[in-house]
Amino acid sequence: MFEGFGSNKRRKVNIEDEPEHTKPWVEKYRPKKLDDVAAQDHTVSVLKKTLTSANLPHMLFYGPPGTGKTSTIFALTKELYGPELSKSRVLELNASDERGISIVREKVKNFARLTVSKPSKEALEKYPCPPYKIIILDEADSMTADAQSALRRTMENHSNVTRFCLICNYVTRIIDPLASRCSKFRFKSLDESNAIGRLQEISNLENVSYEKGALERILEISNGDMRRAITLLQSSAKRLGFGELDKVTSQEVEELAGLVPTPVLNEMIQRVSQGNVNGIIEYMNGFVKNGWSGVSVVNQLHDYYVTSNDYGTDFKNNISLLLFDTDAKLANGTNEHVQILNLLVQISQIPT
Ligand SMILES: Nc1ncnc2c1ncn2[C@@H]1O[C@H](COP(=O)(O)OP(=O)(O)OP(=O)(O)O)[C@@H](O)[C@H]1O
Ligand SMILES: [Mg+2]
């Protein structure tokens, strides 16, 4: 049954009410303006034009996790309406809200057809305040196809007073007729050069010192996911001041991320290259006790072998096949240590 807009708000924890110092860093350093959004230059420049022309199409943001999609739309609505007017002009629904077909028919449709409220004088002076509302459907790829279909007419009928912004990780899960009604904006994974500045800035503001290469290692491990990178930086920083540690080090970062430390990995590779099965078994017995995850071993071995110049193409092909095979078996829930032992023994048998 339709419950009105208020009930949903009450259920949500409003992170903005939290004091700054207790917020997790990902929230504390969430971009507040479009200019704070790193690495999405194309998207940001297009959206900034809408600030001057006040002309906005329906939008579809897509891209991998932690690349700034949610942050960008919130920054945009803040810059369009200011904090006060945003409350009445923006409706945000994400995967934690009920968004089945009935909600789309009632809640979304009702909000979409409301006429826009008049902005106050102060708001008009400071912000563009365009004459439409924005409905944000975050994590829209988790909406059922039926619920998405129900949006089609709503989007068209009320486009004089409402714009939609759909956000998702997998653009293929948005039904075609919806996707074709929107301008698409692709969010790229953050690469090292773009994201490093942001991590440096956060470290400076939080007074965290780090050894050379540690931030780069954080980014490598995070794979372009800025949320993961900032969280990893925060957990590494938490350990500073205990014992001898006074800086964030690459080794500590690896440990926190659950990676196998480089010296241990090097020994593994050395044993494998010696081709001695007993040596490998003995090594694995020690390895098991430390509880490293099999999946990280597969990923790290992949990075090592594929990027190394010491091996030929045939060797790399063979290794890749073995690694894919092991990865698939691990994903099926087989015994990690048996699989890794099997992998290492097989690699040791490949002629170099
Ligand atoms: N491009 C970026 N520039 C600066 N900070 C970023 C960027 N992308 C992500 N972040 C950081 O990561 C956090 C998460 O970003 P955000 O919630 O916008 O990601 P998302 O793309 O919506 O991810 P998901 O697909 O998982 O919802 C932000 O609070 C911010 O601290
Ligand atoms: Mg998001």
# chains A, B, ... in the order shown; residues from 1 in each chain; ligands from 1
>>> residues_near_ligand(ligand="ligand 2", cutoff="10 Å", atoms="only C-alpha atoms and all ligand atoms", output="PyMOL selection string")
chain A and resi 61-73+94-95+138-140+167-169
>>> write_last_selection(atoms="N, CA and C atoms", output="short mmCIF file (atom, residue, chain, number, x, y, z; two decimals), in the first residue's frame")
data_model
loop_
_atom_site.label_atom_id
_atom_site.label_comp_id
_atom_site.auth_asym_id
_atom_site.auth_seq_id
_atom_site.Cartn_x
_atom_site.Cartn_y
_atom_site.Cartn_z
N PHE A 61 23.81 6.36 -15.25
CA PHE A 61 25.22 6.26 -14.86
C PHE A 61 25.55 4.78 -14.70
N TYR A 62 26.61 4.35 -15.33
CA TYR A 62 26.98 2.95 -15.09
C TYR A 62 28.50 2.82 -14.99
N GLY A 63 28.94 1.76 -14.32
CA GLY A 63 30.37 1.55 -14.14
C GLY A 63 30.63 0.73 -12.91
N PRO A 64 31.88 0.29 -12.72
CA PRO A 64 32.21 -0.59 -11.60
C PRO A 64 32.01 0.08 -10.24
N PRO A 65 31.97 -0.70 -9.14
CA PRO A 65 31.75 -0.14 -7.81
C PRO A 65 32.84 0.86 -7.41
N GLY A 66 32.45 1.81 -6.58
CA GLY A 66 33.43 2.73 -5.99
C GLY A 66 34.09 3.67 -6.96
N THR A 67 33.38 4.07 -8.03
CA THR A 67 33.99 4.97 -9.00
C THR A 67 33.34 6.36 -8.97
N GLY A 68 32.38 6.55 -8.09
CA GLY A 68 31.85 7.91 -7.90
C GLY A 68 30.47 8.15 -8.47
N LYS A 69 29.72 7.13 -8.81
CA LYS A 69 28.40 7.36 -9.42
C LYS A 69 27.43 8.03 -8.44
N THR A 70 27.26 7.39 -7.28
CA THR A 70 26.33 7.95 -6.30
C THR A 70 26.80 9.34 -5.87
N SER A 71 28.10 9.48 -5.63
CA SER A 71 28.62 10.78 -5.19
C SER A 71 28.35 11.86 -6.22
N THR A 72 28.51 11.52 -7.52
CA THR A 72 28.35 12.53 -8.56
C THR A 72 26.92 13.05 -8.62
N ILE A 73 25.94 12.16 -8.54
CA ILE A 73 24.56 12.64 -8.65
C ILE A 73 24.18 13.48 -7.44
N ASN A 94 17.14 3.54 -3.30
CA ASN A 94 18.21 2.60 -3.65
C ASN A 94 17.79 1.18 -3.33
N ALA A 95 18.72 0.26 -3.49
CA ALA A 95 18.35 -1.15 -3.39
C ALA A 95 17.82 -1.51 -2.01
N ASP A 138 19.03 4.53 -7.52
CA ASP A 138 20.39 4.01 -7.36
C ASP A 138 20.32 2.49 -7.38
N GLU A 139 21.39 1.85 -7.82
CA GLU A 139 21.44 0.39 -7.92
C GLU A 139 20.22 -0.14 -8.70
N ALA A 140 19.94 0.50 -9.82
CA ALA A 140 18.75 0.17 -10.60
C ALA A 140 18.84 -1.21 -11.23
N ILE A 167 21.12 4.56 -11.82
CA ILE A 167 22.52 4.25 -11.56
C ILE A 167 22.69 2.75 -11.44
N CYS A 168 23.69 2.20 -12.08
CA CYS A 168 23.86 0.74 -11.97
C CYS A 168 25.31 0.34 -12.22
N ASN A 169 25.64 -0.88 -11.86
CA ASN A 169 26.96 -1.43 -12.17
C ASN A 169 26.93 -2.13 -13.53
#
>>> select_by_dssp(residues="range 151-299 of chain A", states="helix (DSSP H, G or I)", output="ChimeraX atom specification")
/A:151-157,171-173,176-179,192-205,214-222,226-238,250-256,262-274,277-290,294-299
>>> select_by_dssp(residues="range 157-311 of chain A", states="strand (DSSP E)", output="NGL selection string")
:A and (162-168 or 183-186)
>>> closest_residue(among="A:Glu254, A:Asn342, A:Leu330, A:Ile269", to="Ile281 in chain A", atoms="only C-alpha atoms")
A:Asn342
>>> residues_around(residues="range 44-54 of chain A", least_positions_apart="3", cutoff="8 Å", atoms="only C-alpha atoms", output="list in words")
Leu34, Asp35, Val37, Gln40, Asp41, Leu76, Glu79, Leu80, Pro128, Cys129 and Pro130 of chain A
>>> closest_residue(among="A:Pro24, A:Gly258, A:Gly241, A:Pro19", to="ligand 1", atoms="only C-alpha atoms and all ligand atoms")
A:Pro24
>>> atom_distance(atom1="CA of Ser222 in chain A", atom2="CA of Lys33 in chain A")
23.9 Å
>>> closest_residue(among="A:Ile202, A:Leu256, A:Ala123, A:Ala147", to="Val108 in chain A", atoms="only C-alpha atoms")
A:Ala147
>>> atom_distance(atom1="CA of Leu245 in chain A", atom2="CA of Asn290 in chain A")
22.1 Å
>>> atom_distance(atom1="CA of Gly333 in chain A", atom2="CA of Ile347 in chain A")
21.5 Å
>>> residues_around(residues="Leu215 in chain A", least_positions_apart="4", cutoff="8 Å", atoms="only C-alpha atoms", output="number ranges by chain")
A: 196, 199-200, 210, 219, 233, 250
>>> write_last_selection(atoms="C-alpha atoms", output="mmCIF file, in the first residue's frame")
data_model
loop_
_atom_site.group_PDB
_atom_site.id
_atom_site.type_symbol
_atom_site.label_atom_id
_atom_site.label_comp_id
_atom_site.auth_asym_id
_atom_site.auth_seq_id
_atom_site.Cartn_x
_atom_site.Cartn_y
_atom_site.Cartn_z
ATOM 1 C CA ILE A 196 46.826 8.864 -6.013
ATOM 2 C CA LEU A 199 44.710 9.414 -1.358
ATOM 3 C CA GLN A 200 47.588 11.837 -0.708
ATOM 4 C CA TYR A 210 53.266 6.613 4.566
ATOM 5 C CA LEU A 219 45.558 1.405 -5.428
ATOM 6 C CA LEU A 233 44.011 3.406 3.875
ATOM 7 C CA SER A 250 53.276 -1.654 1.654
#
>>> residues_around(residues="Arg181 in chain A", least_positions_apart="4", cutoff="9 Å", atoms="only C-alpha atoms", output="PDB file with C-alpha atoms, in the first residue's frame")
ATOM      1  CA  PRO A  57      18.194  14.858 -19.992  1.00  0.00           C
ATOM      2  CA  HIS A  58      17.234  11.637 -18.224  1.00  0.00           C
ATOM      3  CA  MET A  59      20.505  10.011 -17.244  1.00  0.00           C
ATOM      4  CA  LEU A  60      21.962   6.562 -16.837  1.00  0.00           C
ATOM      5  CA  ARG A 152       8.669   3.740 -19.217  1.00  0.00           C
ATOM      6  CA  MET A 155       9.429   8.816 -17.635  1.00  0.00           C
ATOM      7  CA  GLU A 156       7.809  10.131 -20.780  1.00  0.00           C
ATOM      8  CA  ASP A 176      16.635  -1.483 -23.567  1.00  0.00           C
ATOM      9  CA  PRO A 177      13.609   0.795 -23.735  1.00  0.00           C
TER      10      PRO A 177
END
>>> closest_residue(among="A:Arg198, A:Lys87, A:Arg173, A:His42", to="ligand 1", atoms="only C-alpha atoms and all ligand atoms")
A:Arg198
>>> closest_residue(among="A:Glu192, A:Glu98, A:Glu267, A:Glu255", to="ligand 1", atoms="only C-alpha atoms and all ligand atoms")
A:Glu192
>>> residues_around(residues="Gly82 in chain A", least_positions_apart="5", cutoff="8 Å", atoms="only C-alpha atoms", output="count of residues only")
4
>>> closest_residue(among="A:Leu91, A:Ile230, A:Leu137, A:Leu85", to="ligand 1", atoms="only C-alpha atoms and all ligand atoms")
A:Ile230
>>> residues_around(residues="Glu211 in chain A", least_positions_apart="3", cutoff="12 Å", atoms="only C-alpha atoms", output="number ranges by chain")
A: 200, 203, 208, 214-218, 245-253
